[in-house]
>>> print(open('input17.cif').read())   # mmCIF, C-alpha atoms, pLDDT in the B column; chains and numbers go by the auth columns
data_query
#
loop_
_atom_site.group_PDB
_atom_site.id
_atom_site.type_symbol
_atom_site.label_atom_id
_atom_site.label_comp_id
_atom_site.label_asym_id
_atom_site.label_seq_id
_atom_site.Cartn_x
_atom_site.Cartn_y
_atom_site.Cartn_z
_atom_site.B_iso_or_equiv
_atom_site.auth_seq_id
_atom_site.auth_asym_id
ATOM 1 C CA MET A 1 0.000 0.000 0.000 42.00 1 A
ATOM 2 C CA SER A 2 1.297 3.458 -0.872 44.00 2 A
ATOM 3 C CA ALA A 3 2.136 6.103 1.675 44.00 3 A
ATOM 4 C CA ALA A 4 -0.757 8.201 0.361 44.00 4 A
ATOM 5 C CA GLY A 5 -3.141 5.338 1.088 44.00 5 A
ATOM 6 C CA VAL A 6 -1.830 4.834 4.609 39.00 6 A
ATOM 7 C CA GLU A 7 -1.838 8.534 5.470 45.00 7 A
ATOM 8 C CA ARG A 8 -4.731 9.591 7.605 59.00 8 A
ATOM 9 C CA ARG A 9 -6.393 12.933 7.509 65.00 9 A
ATOM 10 C CA LEU A 10 -6.576 14.770 10.795 63.00 10 A
ATOM 11 C CA PRO A 11 -10.062 14.825 12.330 71.00 11 A
ATOM 12 C CA SER A 12 -11.869 18.098 11.794 69.00 12 A
ATOM 13 C CA TRP A 13 -12.276 18.633 15.532 68.00 13 A
ATOM 14 C CA LEU A 14 -8.518 18.309 16.061 73.00 14 A
ATOM 15 C CA ARG A 15 -7.862 21.127 13.608 71.00 15 A
ATOM 16 C CA ILE A 16 -9.862 23.396 15.909 76.00 16 A
ATOM 17 C CA VAL A 17 -8.853 22.002 19.290 80.00 17 A
ATOM 18 C CA ALA A 18 -5.094 21.949 18.604 80.00 18 A
ATOM 19 C CA PRO A 19 -4.704 25.705 17.842 79.00 19 A
ATOM 20 C CA ALA A 20 -7.052 26.540 20.718 81.00 20 A
ATOM 21 C CA ALA A 21 -4.964 24.422 23.091 86.00 21 A
ATOM 22 C CA VAL A 22 -1.762 26.135 21.973 88.00 22 A
ATOM 23 C CA ALA A 23 -3.357 29.570 22.441 84.00 23 A
ATOM 24 C CA LEU A 24 -4.622 28.592 25.901 88.00 24 A
ATOM 25 C CA LEU A 25 -1.173 27.313 26.892 91.00 25 A
ATOM 26 C CA ALA A 26 0.438 30.565 25.731 87.00 26 A
ATOM 27 C CA LEU A 27 -2.145 32.538 27.728 86.00 27 A
ATOM 28 C CA VAL A 28 -1.435 30.505 30.876 88.00 28 A
ATOM 29 C CA VAL A 29 2.317 31.065 30.505 88.00 29 A
ATOM 30 C CA TRP A 30 1.685 34.775 29.954 85.00 30 A
ATOM 31 C CA VAL A 31 -0.399 35.018 33.138 85.00 31 A
ATOM 32 C CA LEU A 32 2.204 33.083 35.142 85.00 32 A
ATOM 33 C CA ILE A 33 5.002 35.380 34.002 84.00 33 A
ATOM 34 C CA VAL A 34 3.129 38.671 34.429 82.00 34 A
ATOM 35 C CA ASP A 35 0.654 38.161 37.267 78.00 35 A
ATOM 36 C CA VAL A 36 2.220 35.355 39.320 81.00 36 A
ATOM 37 C CA ALA A 37 5.986 35.716 38.936 78.00 37 A
ATOM 38 C CA ASP A 38 5.868 39.479 38.268 74.00 38 A
ATOM 39 C CA ALA A 39 8.837 39.029 35.927 73.00 39 A
ATOM 40 C CA ALA A 40 7.494 40.588 32.741 69.00 40 A
ATOM 41 C CA PRO A 41 9.067 43.587 30.967 73.00 41 A
ATOM 42 C CA ARG A 42 7.536 46.980 31.677 73.00 42 A
ATOM 43 C CA MET A 43 5.666 47.161 28.382 77.00 43 A
ATOM 44 C CA LEU A 44 4.080 43.711 28.736 83.00 44 A
ATOM 45 C CA PRO A 45 0.890 44.079 30.793 87.00 45 A
ATOM 46 C CA SER A 46 -1.426 41.371 32.023 86.00 46 A
ATOM 47 C CA PRO A 47 -3.779 39.897 29.403 89.00 47 A
ATOM 48 C CA PHE A 48 -6.644 40.748 31.735 90.00 48 A
ATOM 49 C CA ALA A 49 -5.589 44.409 31.716 88.00 49 A
ATOM 50 C CA ILE A 50 -5.474 44.340 27.918 91.00 50 A
ATOM 51 C CA LEU A 51 -8.978 42.879 27.685 92.00 51 A
ATOM 52 C CA GLU A 52 -10.257 45.429 30.187 92.00 52 A
ATOM 53 C CA GLU A 53 -8.810 48.289 28.130 93.00 53 A
ATOM 54 C CA PHE A 54 -10.131 46.786 24.893 94.00 54 A
ATOM 55 C CA PHE A 55 -13.727 46.680 26.083 94.00 55 A
ATOM 56 C CA ALA A 56 -13.524 49.933 28.055 93.00 56 A
ATOM 57 C CA ARG A 57 -11.992 51.865 25.128 93.00 57 A
ATOM 58 C CA PHE A 58 -13.748 50.051 22.307 94.00 58 A
ATOM 59 C CA SER A 59 -15.469 53.280 21.278 93.00 59 A
ATOM 60 C CA ILE A 60 -12.080 54.715 20.239 94.00 60 A
ATOM 61 C CA ILE A 61 -10.584 51.427 19.058 94.00 61 A
ATOM 62 C CA ALA A 62 -13.420 50.506 16.685 95.00 62 A
ATOM 63 C CA PRO A 63 -13.039 53.553 14.347 94.00 63 A
ATOM 64 C CA ASP A 64 -9.316 52.882 13.983 94.00 64 A
ATOM 65 C CA MET A 65 -10.037 49.214 13.306 95.00 65 A
ATOM 66 C CA ALA A 66 -12.451 50.257 10.558 95.00 66 A
ATOM 67 C CA ILE A 67 -9.826 52.500 8.948 94.00 67 A
ATOM 68 C CA THR A 68 -7.153 49.795 9.019 94.00 68 A
ATOM 69 C CA ALA A 69 -9.564 47.172 7.696 95.00 69 A
ATOM 70 C CA THR A 70 -10.641 49.517 4.895 95.00 70 A
ATOM 71 C CA ASN A 71 -7.046 50.266 3.900 94.00 71 A
ATOM 72 C CA ALA A 72 -6.225 46.551 3.880 95.00 72 A
ATOM 73 C CA LEU A 73 -9.362 45.672 1.912 96.00 73 A
ATOM 74 C CA VAL A 74 -8.818 48.367 -0.710 96.00 74 A
ATOM 75 C CA GLY A 75 -5.204 47.284 -1.085 95.00 75 A
ATOM 76 C CA LEU A 76 -6.193 43.616 -1.310 96.00 76 A
ATOM 77 C CA VAL A 77 -8.844 44.238 -3.976 96.00 77 A
ATOM 78 C CA ALA A 78 -6.616 46.554 -6.039 96.00 78 A
ATOM 79 C CA GLY A 79 -3.576 44.292 -5.796 95.00 79 A
ATOM 80 C CA THR A 80 -5.640 41.215 -6.665 95.00 80 A
ATOM 81 C CA ALA A 81 -7.275 42.842 -9.691 95.00 81 A
ATOM 82 C CA LEU A 82 -3.938 44.058 -11.065 94.00 82 A
ATOM 83 C CA ALA A 83 -2.310 40.681 -10.393 93.00 83 A
ATOM 84 C CA ILE A 84 -5.051 38.784 -12.230 91.00 84 A
ATOM 85 C CA LEU A 85 -4.816 41.092 -15.246 90.00 85 A
ATOM 86 C CA LEU A 86 -1.026 40.911 -15.508 92.00 86 A
ATOM 87 C CA ALA A 87 -0.947 37.155 -14.838 90.00 87 A
ATOM 88 C CA ALA A 88 -3.433 36.606 -17.668 85.00 88 A
ATOM 89 C CA LEU A 89 -1.218 38.646 -20.011 87.00 89 A
ATOM 90 C CA ALA A 90 1.898 36.787 -18.867 87.00 90 A
ATOM 91 C CA ALA A 91 0.222 33.412 -19.388 81.00 91 A
ATOM 92 C CA SER A 92 -0.912 34.336 -22.879 78.00 92 A
ATOM 93 C CA ALA A 93 2.405 35.699 -24.164 81.00 93 A
ATOM 94 C CA ARG A 94 5.923 34.616 -23.231 83.00 94 A
ATOM 95 C CA PRO A 95 7.498 38.017 -24.033 85.00 95 A
ATOM 96 C CA ILE A 96 5.165 39.709 -21.543 85.00 96 A
ATOM 97 C CA ASP A 97 6.041 37.050 -18.975 82.00 97 A
ATOM 98 C CA GLY A 98 9.722 37.785 -19.512 85.00 98 A
ATOM 99 C CA MET A 99 9.161 41.505 -19.009 88.00 99 A
ATOM 100 C CA LEU A 100 7.035 41.076 -15.896 88.00 100 A
ATOM 101 C CA ALA A 101 9.246 38.511 -14.142 87.00 101 A
ATOM 102 C CA PRO A 102 11.964 41.018 -13.055 87.00 102 A
ATOM 103 C CA LEU A 103 9.306 43.513 -11.947 88.00 103 A
ATOM 104 C CA VAL A 104 7.511 40.952 -9.785 89.00 104 A
ATOM 105 C CA ALA A 105 10.816 39.757 -8.334 88.00 105 A
ATOM 106 C CA ALA A 106 11.716 43.346 -7.443 86.00 106 A
ATOM 107 C CA LEU A 107 8.341 43.959 -5.794 85.00 107 A
ATOM 108 C CA ALA A 108 8.736 40.762 -3.767 85.00 108 A
ATOM 109 C CA VAL A 109 11.936 42.003 -2.110 85.00 109 A
ATOM 110 C CA ILE A 110 11.009 45.660 -1.567 82.00 110 A
ATOM 111 C CA PRO A 111 11.198 46.382 2.185 83.00 111 A
ATOM 112 C CA ILE A 112 7.821 47.750 3.221 83.00 112 A
ATOM 113 C CA VAL A 113 9.345 49.797 6.041 82.00 113 A
ATOM 114 C CA ALA A 114 11.479 51.643 3.488 81.00 114 A
ATOM 115 C CA LEU A 115 8.725 52.132 0.925 84.00 115 A
ATOM 116 C CA THR A 116 6.012 53.285 3.330 85.00 116 A
ATOM 117 C CA PRO A 117 7.484 56.681 4.372 84.00 117 A
ATOM 118 C CA ILE A 118 8.122 57.530 0.718 85.00 118 A
ATOM 119 C CA LEU A 119 4.536 56.807 -0.343 85.00 119 A
ATOM 120 C CA ASN A 120 3.034 58.547 2.689 81.00 120 A
ATOM 121 C CA THR A 121 5.101 61.660 1.916 82.00 121 A
ATOM 122 C CA MET A 122 4.374 61.437 -1.812 83.00 122 A
ATOM 123 C CA PHE A 123 0.584 61.416 -1.390 83.00 123 A
ATOM 124 C CA GLY A 124 0.367 63.752 1.591 76.00 124 A
ATOM 125 C CA ALA A 125 -0.161 63.431 5.332 73.00 125 A
ATOM 126 C CA SER A 126 -3.959 63.599 4.999 79.00 126 A
ATOM 127 C CA SER A 127 -4.376 60.856 2.369 83.00 127 A
ATOM 128 C CA GLN A 128 -4.898 57.155 2.967 89.00 128 A
ATOM 129 C CA PHE A 129 -3.786 56.337 -0.576 89.00 129 A
ATOM 130 C CA GLY A 130 -0.153 55.750 0.378 88.00 130 A
ATOM 131 C CA ARG A 131 -1.183 53.156 2.971 90.00 131 A
ATOM 132 C CA GLN A 132 -3.546 51.470 0.537 92.00 132 A
ATOM 133 C CA ALA A 133 -0.820 51.401 -2.118 92.00 133 A
ATOM 134 C CA VAL A 134 1.522 49.617 0.312 92.00 134 A
ATOM 135 C CA ALA A 135 -1.159 47.017 1.039 93.00 135 A
ATOM 136 C CA ALA A 136 -1.790 46.599 -2.704 94.00 136 A
ATOM 137 C CA ILE A 137 1.894 46.001 -3.413 93.00 137 A
ATOM 138 C CA ALA A 138 2.076 43.405 -0.643 92.00 138 A
ATOM 139 C CA ALA A 139 -1.029 41.618 -1.948 94.00 139 A
ATOM 140 C CA PHE A 140 0.014 41.743 -5.600 94.00 140 A
ATOM 141 C CA VAL A 141 2.938 39.304 -5.534 93.00 141 A
ATOM 142 C CA PRO A 142 1.325 36.156 -4.014 94.00 142 A
ATOM 143 C CA VAL A 143 -1.802 36.560 -6.135 94.00 143 A
ATOM 144 C CA PHE A 144 0.202 37.067 -9.331 94.00 144 A
ATOM 145 C CA VAL A 145 2.415 34.038 -8.694 92.00 145 A
ATOM 146 C CA ASN A 146 -0.498 31.758 -7.825 92.00 146 A
ATOM 147 C CA VAL A 147 -2.754 32.897 -10.661 90.00 147 A
ATOM 148 C CA LEU A 148 0.036 32.519 -13.218 89.00 148 A
ATOM 149 C CA ARG A 149 0.718 29.027 -11.942 88.00 149 A
ATOM 150 C CA GLY A 150 -2.975 28.170 -12.068 85.00 150 A
ATOM 151 C CA LEU A 151 -3.386 29.438 -15.626 81.00 151 A
ATOM 152 C CA ARG A 152 -0.573 27.132 -16.712 79.00 152 A
ATOM 153 C CA GLN A 153 -2.041 24.016 -15.106 76.00 153 A
ATOM 154 C CA THR A 154 -4.217 23.068 -18.047 69.00 154 A
ATOM 155 C CA ARG A 155 -2.778 20.179 -20.050 63.00 155 A
ATOM 156 C CA PRO A 156 -2.293 20.269 -23.830 62.00 156 A
ATOM 157 C CA VAL A 157 -4.519 17.206 -24.214 58.00 157 A
ATOM 158 C CA GLN A 158 -7.353 19.045 -22.471 61.00 158 A
ATOM 159 C CA ARG A 159 -6.994 22.075 -24.717 60.00 159 A
ATOM 160 C CA ASP A 160 -6.771 19.879 -27.805 56.00 160 A
ATOM 161 C CA LEU A 161 -9.960 18.079 -26.780 62.00 161 A
ATOM 162 C CA LEU A 162 -11.888 21.332 -26.518 59.00 162 A
ATOM 163 C CA ARG A 163 -10.381 22.575 -29.771 62.00 163 A
ATOM 164 C CA ALA A 164 -11.455 19.366 -31.477 61.00 164 A
ATOM 165 C CA SER A 165 -14.957 19.976 -30.128 61.00 165 A
ATOM 166 C CA ALA A 166 -14.995 23.384 -31.871 57.00 166 A
ATOM 167 C CA ALA A 167 -14.874 25.284 -28.598 61.00 167 A
ATOM 168 C CA THR A 168 -14.084 28.970 -28.898 57.00 168 A
ATOM 169 C CA ARG A 169 -11.331 30.648 -26.878 61.00 169 A
ATOM 170 C CA SER A 170 -13.901 32.123 -24.520 62.00 170 A
ATOM 171 C CA GLN A 171 -15.493 28.725 -23.982 58.00 171 A
ATOM 172 C CA THR A 172 -12.080 27.160 -23.350 59.00 172 A
ATOM 173 C CA PHE A 173 -11.344 29.837 -20.784 62.00 173 A
ATOM 174 C CA ARG A 174 -14.743 29.447 -19.114 58.00 174 A
ATOM 175 C CA PHE A 175 -14.912 25.669 -18.931 58.00 175 A
ATOM 176 C CA LEU A 176 -11.230 24.734 -18.578 65.00 176 A
ATOM 177 C CA THR A 177 -8.784 27.497 -17.741 68.00 177 A
ATOM 178 C CA LEU A 178 -10.881 29.386 -15.195 71.00 178 A
ATOM 179 C CA PRO A 179 -12.048 26.372 -13.138 75.00 179 A
ATOM 180 C CA THR A 180 -8.481 25.042 -13.066 77.00 180 A
ATOM 181 C CA ALA A 181 -6.967 28.366 -12.002 79.00 181 A
ATOM 182 C CA LEU A 182 -9.666 29.291 -9.463 85.00 182 A
ATOM 183 C CA PRO A 183 -8.258 27.289 -6.502 86.00 183 A
ATOM 184 C CA TYR A 184 -4.835 28.826 -7.126 88.00 184 A
ATOM 185 C CA LEU A 185 -6.380 32.282 -7.205 89.00 185 A
ATOM 186 C CA MET A 186 -8.165 31.746 -3.889 91.00 186 A
ATOM 187 C CA SER A 187 -5.013 30.349 -2.302 90.00 187 A
ATOM 188 C CA GLY A 188 -3.136 33.457 -3.402 92.00 188 A
ATOM 189 C CA ILE A 189 -5.864 35.720 -2.036 94.00 189 A
ATOM 190 C CA ARG A 190 -5.747 33.910 1.318 93.00 190 A
ATOM 191 C CA ILE A 191 -2.019 34.562 1.587 93.00 191 A
ATOM 192 C CA ALA A 192 -2.371 38.120 0.306 94.00 192 A
ATOM 193 C CA ALA A 193 -5.117 38.953 2.818 95.00 193 A
ATOM 194 C CA SER A 194 -2.804 38.524 5.804 92.00 194 A
ATOM 195 C CA LEU A 195 -0.020 40.434 4.053 93.00 195 A
ATOM 196 C CA ALA A 196 -2.411 43.286 3.245 94.00 196 A
ATOM 197 C CA VAL A 197 -3.432 43.655 6.897 94.00 197 A
ATOM 198 C CA ILE A 198 0.174 43.560 8.116 93.00 198 A
ATOM 199 C CA SER A 199 1.274 46.049 5.465 92.00 199 A
ATOM 200 C CA ALA A 200 -1.589 48.413 6.272 92.00 200 A
ATOM 201 C CA LEU A 201 -0.593 48.346 9.956 91.00 201 A
ATOM 202 C CA VAL A 202 3.056 48.994 9.116 90.00 202 A
ATOM 203 C CA ALA A 203 2.092 51.824 6.767 89.00 203 A
ATOM 204 C CA GLU A 204 0.046 53.453 9.520 89.00 204 A
ATOM 205 C CA TYR A 205 2.939 53.119 11.944 85.00 205 A
ATOM 206 C CA PHE A 206 5.298 55.043 9.657 82.00 206 A
ATOM 207 C CA GLY A 207 3.290 58.180 9.035 75.00 207 A
ATOM 208 C CA GLY A 208 0.270 59.399 7.133 77.00 208 A
ATOM 209 C CA PRO A 209 -2.996 60.556 8.734 83.00 209 A
ATOM 210 C CA ALA A 210 -3.259 60.399 12.514 81.00 210 A
ATOM 211 C CA ASP A 211 -5.640 57.441 12.555 87.00 211 A
ATOM 212 C CA GLY A 212 -5.588 53.693 12.150 89.00 212 A
ATOM 213 C CA ILE A 213 -4.437 50.863 14.401 93.00 213 A
ATOM 214 C CA GLY A 214 -0.739 51.275 13.584 90.00 214 A
ATOM 215 C CA THR A 215 -0.713 54.977 14.446 90.00 215 A
ATOM 216 C CA ALA A 216 -2.539 54.342 17.740 92.00 216 A
ATOM 217 C CA ILE A 217 -0.128 51.577 18.757 92.00 217 A
ATOM 218 C CA ALA A 218 2.866 53.830 18.162 89.00 218 A
ATOM 219 C CA SER A 219 1.260 56.757 19.984 89.00 219 A
ATOM 220 C CA TYR A 220 0.163 54.907 23.118 90.00 220 A
ATOM 221 C CA ALA A 221 3.341 52.823 23.328 88.00 221 A
ATOM 222 C CA LYS A 222 5.471 55.979 23.312 87.00 222 A
ATOM 223 C CA SER A 223 3.305 57.550 25.999 86.00 223 A
ATOM 224 C CA GLY A 224 3.722 54.535 28.288 83.00 224 A
ATOM 225 C CA ARG A 225 0.101 53.329 28.137 88.00 225 A
ATOM 226 C CA ALA A 226 1.091 49.740 27.478 88.00 226 A
ATOM 227 C CA ALA A 227 -2.292 48.121 28.155 90.00 227 A
ATOM 228 C CA LEU A 228 -4.080 50.439 25.737 92.00 228 A
ATOM 229 C CA ALA A 229 -1.387 49.962 23.096 93.00 229 A
ATOM 230 C CA TRP A 230 -1.815 46.192 23.408 93.00 230 A
ATOM 231 C CA ALA A 231 -5.579 46.629 23.191 94.00 231 A
ATOM 232 C CA PHE A 232 -5.057 48.173 19.761 95.00 232 A
ATOM 233 C CA VAL A 233 -2.759 45.258 18.904 94.00 233 A
ATOM 234 C CA LEU A 234 -5.663 42.974 19.802 94.00 234 A
ATOM 235 C CA GLY A 235 -7.842 44.973 17.418 94.00 235 A
ATOM 236 C CA GLY A 236 -5.302 44.407 14.650 94.00 236 A
ATOM 237 C CA ILE A 237 -5.236 40.684 15.412 93.00 237 A
ATOM 238 C CA LEU A 238 -9.014 40.517 15.125 95.00 238 A
ATOM 239 C CA ILE A 239 -8.873 42.221 11.722 95.00 239 A
ATOM 240 C CA GLY A 240 -6.255 39.744 10.545 93.00 240 A
ATOM 241 C CA LEU A 241 -8.295 36.793 11.793 93.00 241 A
ATOM 242 C CA LEU A 242 -11.408 38.096 10.041 95.00 242 A
ATOM 243 C CA PHE A 243 -9.578 38.445 6.729 95.00 243 A
ATOM 244 C CA PHE A 244 -8.016 35.004 7.140 92.00 244 A
ATOM 245 C CA LEU A 245 -11.293 33.273 7.986 92.00 245 A
ATOM 246 C CA VAL A 246 -13.230 34.864 5.123 93.00 246 A
ATOM 247 C CA THR A 247 -10.577 34.107 2.508 93.00 247 A
ATOM 248 C CA SER A 248 -10.070 30.568 3.865 89.00 248 A
ATOM 249 C CA LEU A 249 -13.813 29.948 3.557 89.00 249 A
ATOM 250 C CA LEU A 250 -13.796 31.226 -0.023 87.00 250 A
ATOM 251 C CA GLU A 251 -10.809 29.037 -0.804 84.00 251 A
ATOM 252 C CA ARG A 252 -12.536 25.971 0.605 84.00 252 A
ATOM 253 C CA LEU A 253 -15.690 26.651 -1.410 82.00 253 A
ATOM 254 C CA SER A 254 -13.693 27.090 -4.622 77.00 254 A
ATOM 255 C CA THR A 255 -11.721 23.900 -3.948 73.00 255 A
ATOM 256 C CA ARG A 256 -14.903 21.883 -3.526 68.00 256 A
ATOM 257 C CA ARG A 257 -16.127 23.075 -6.895 54.00 257 A
ATOM 258 C CA ALA A 258 -12.799 22.601 -8.629 48.00 258 A
ATOM 259 C CA PRO A 259 -12.588 19.896 -11.270 47.00 259 A
ATOM 260 C CA VAL A 260 -10.725 16.700 -10.308 43.00 260 A
#
>>> encode(input="input17.cif", output="structure tokens")
Amino acid sequence: MSAAGVERRLPSWLRIVAPAAVALLALVVWVLIVDVADAAPRMLPSPFAILEEFFARFSIIAPDMAITATNALVGLVAGTALAILLAALAASARPIDGMLAPLVAALAVIPIVALTPILNTMFGASSQFGRQAVAAIAAFVPVFVNVLRGLRQTRPVQRDLLRASAATRSQTFRFLTLPTALPYLMSGIRIAASLAVISALVAEYFGGPADGIGTAIASYAKSGRAALAWAFVLGGILIGLLFFLVTSLLERLSTRRAPV
């Protein structure tokens, strides 16, 4: 029997219980270090103090969460749309692929912390566009790479079969290329979603308008209000989890409908 036949899939409940157990263990260790041993650094408050600040100050945290989520979402949508368009061009013509490959490689290694101040200054201190552009750049690369890979997954025999059936190019794209590439697209979007949130937070930390989760974290951390700063960190984590869960659900739905 092959290794694939012997391999067992993890139970669905274990996929939920295992991460929850790890998170609970980390929380217990955190409480022991901060509240019991009193050995934590000055800027690491108790998790209970963070939760208290989060709920007590939610009226000021929620608007900043909305701004960060909006910046990340705009960047994710823009980066995904551009990546799909350019990946389709690269898949259809080798010369275009050759021209785009160095550009994508350069974008993949651009340090966000170096690019963010430039874009924030370029578009002005009152504009969110610089932050959204940073999120779009971060989201572009994984979507482009995955979509290009997905568009190239169709086999010549499959294309020849449709051509022999007098299928047009649009029909070939609709019934073969698109269903094959869709799971790759959703996988790229899932990866890009987390990168877009992180990049939006970093962009807010390094300038621009005086709003957003990243700006609040920097402000309250510098003023010594550690619990409130960590409460904003918790808000950023919740945004990241929301993006991850939504894109993971979309990926699972697309995988179920993908052709075998």
>>> resolve_selection(input="input17.cif", expression="the PyMOL selection byres ((chain A and resi 85-97) around 8)", output="number ranges by chain")
A: 81-84, 98-101, 144-145, 147-148, 151-152
>>> atom_distance(input="input17.cif", atom1="CA of Met65 in chain A", atom2="CA of Ala200 in chain A")
11.0 Å
>>> resolve_selection(input="input17.cif", expression="the PyMOL selection byres ((chain A and resi 211) around 10)", output="MDAnalysis selection string")
chainID A and resid 63:65 67:68 126 128 204:205 207:210 212:216
>>> write_last_selection(input="input17.cif", atoms="C-alpha atoms", output="mmCIF file, keeping the file's coordinate frame")
data_model
loop_
_atom_site.group_PDB
_atom_site.id
_atom_site.type_symbol
_atom_site.label_atom_id
_atom_site.label_comp_id
_atom_site.auth_asym_id
_atom_site.auth_seq_id
_atom_site.Cartn_x
_atom_site.Cartn_y
_atom_site.Cartn_z
ATOM 1 C CA PRO A 63 -13.039 53.553 14.347
ATOM 2 C CA ASP A 64 -9.316 52.882 13.983
ATOM 3 C CA MET A 65 -10.037 49.214 13.306
ATOM 4 C CA ILE A 67 -9.826 52.500 8.948
ATOM 5 C CA THR A 68 -7.153 49.795 9.019
ATOM 6 C CA SER A 126 -3.959 63.599 4.999
ATOM 7 C CA GLN A 128 -4.898 57.155 2.967
ATOM 8 C CA GLU A 204 0.046 53.453 9.520
ATOM 9 C CA TYR A 205 2.939 53.119 11.944
ATOM 10 C CA GLY A 207 3.290 58.180 9.035
ATOM 11 C CA GLY A 208 0.270 59.399 7.133
ATOM 12 C CA PRO A 209 -2.996 60.556 8.734
ATOM 13 C CA ALA A 210 -3.259 60.399 12.514
ATOM 14 C CA GLY A 212 -5.588 53.693 12.150
ATOM 15 C CA ILE A 213 -4.437 50.863 14.401
ATOM 16 C CA GLY A 214 -0.739 51.275 13.584
ATOM 17 C CA THR A 215 -0.713 54.977 14.446
ATOM 18 C CA ALA A 216 -2.539 54.342 17.740
#
>>> residues_around(input="input17.cif", residues="Val113 in chain A", least_positions_apart="5", cutoff="9 Å", atoms="all atoms listed in the file", output="ChimeraX atom specification")
/A:199,202-203,206
>>> resolve_selection(input="input17.cif", expression="the PyMOL selection byres ((chain A and resi 236) around 9)", output="MDAnalysis selection string")
chainID A and resid 65 68:69 197:198 201 213:214 231:235 237:241
>>> write_last_selection(input="input17.cif", atoms="C-alpha atoms", output="mmCIF file, keeping the file's coordinate frame")
data_model
loop_
_atom_site.group_PDB
_atom_site.id
_atom_site.type_symbol
_atom_site.label_atom_id
_atom_site.label_comp_id
_atom_site.auth_asym_id
_atom_site.auth_seq_id
_atom_site.Cartn_x
_atom_site.Cartn_y
_atom_site.Cartn_z
ATOM 1 C CA MET A 65 -10.037 49.214 13.306
ATOM 2 C CA THR A 68 -7.153 49.795 9.019
ATOM 3 C CA ALA A 69 -9.564 47.172 7.696
ATOM 4 C CA VAL A 197 -3.432 43.655 6.897
ATOM 5 C CA ILE A 198 0.174 43.560 8.116
ATOM 6 C CA LEU A 201 -0.593 48.346 9.956
ATOM 7 C CA ILE A 213 -4.437 50.863 14.401
ATOM 8 C CA GLY A 214 -0.739 51.275 13.584
ATOM 9 C CA ALA A 231 -5.579 46.629 23.191
ATOM 10 C CA PHE A 232 -5.057 48.173 19.761
ATOM 11 C CA VAL A 233 -2.759 45.258 18.904
ATOM 12 C CA LEU A 234 -5.663 42.974 19.802
ATOM 13 C CA GLY A 235 -7.842 44.973 17.418
ATOM 14 C CA ILE A 237 -5.236 40.684 15.412
ATOM 15 C CA LEU A 238 -9.014 40.517 15.125
ATOM 16 C CA ILE A 239 -8.873 42.221 11.722
ATOM 17 C CA GLY A 240 -6.255 39.744 10.545
ATOM 18 C CA LEU A 241 -8.295 36.793 11.793
#
>>> atom_distance(input="input17.cif", atom1="CA of Ile118 in chain A", atom2="CA of Trp230 in chain A")
27.2 Å
>>> atom_distance(input="input17.cif", atom1="CA of Leu253 in chain A", atom2="CA of Ala21 in chain A")
26.8 Å
>>> residues_around(input="input17.cif", residues="range 244-251 of chain A", least_positions_apart="4", cutoff="8 Å", atoms="only C-alpha atoms", output="JSON, numbers by chain")
{"A": [183, 186, 187, 189, 190, 193, 194, 240, 255]}
>>> residues_near_point(input="input17.cif", point="(-11.5, 47.8, 26.3)", cutoff="12 Å", atoms="only C-alpha atoms", output="ChimeraX atom specification")
/A:47-62,227-235
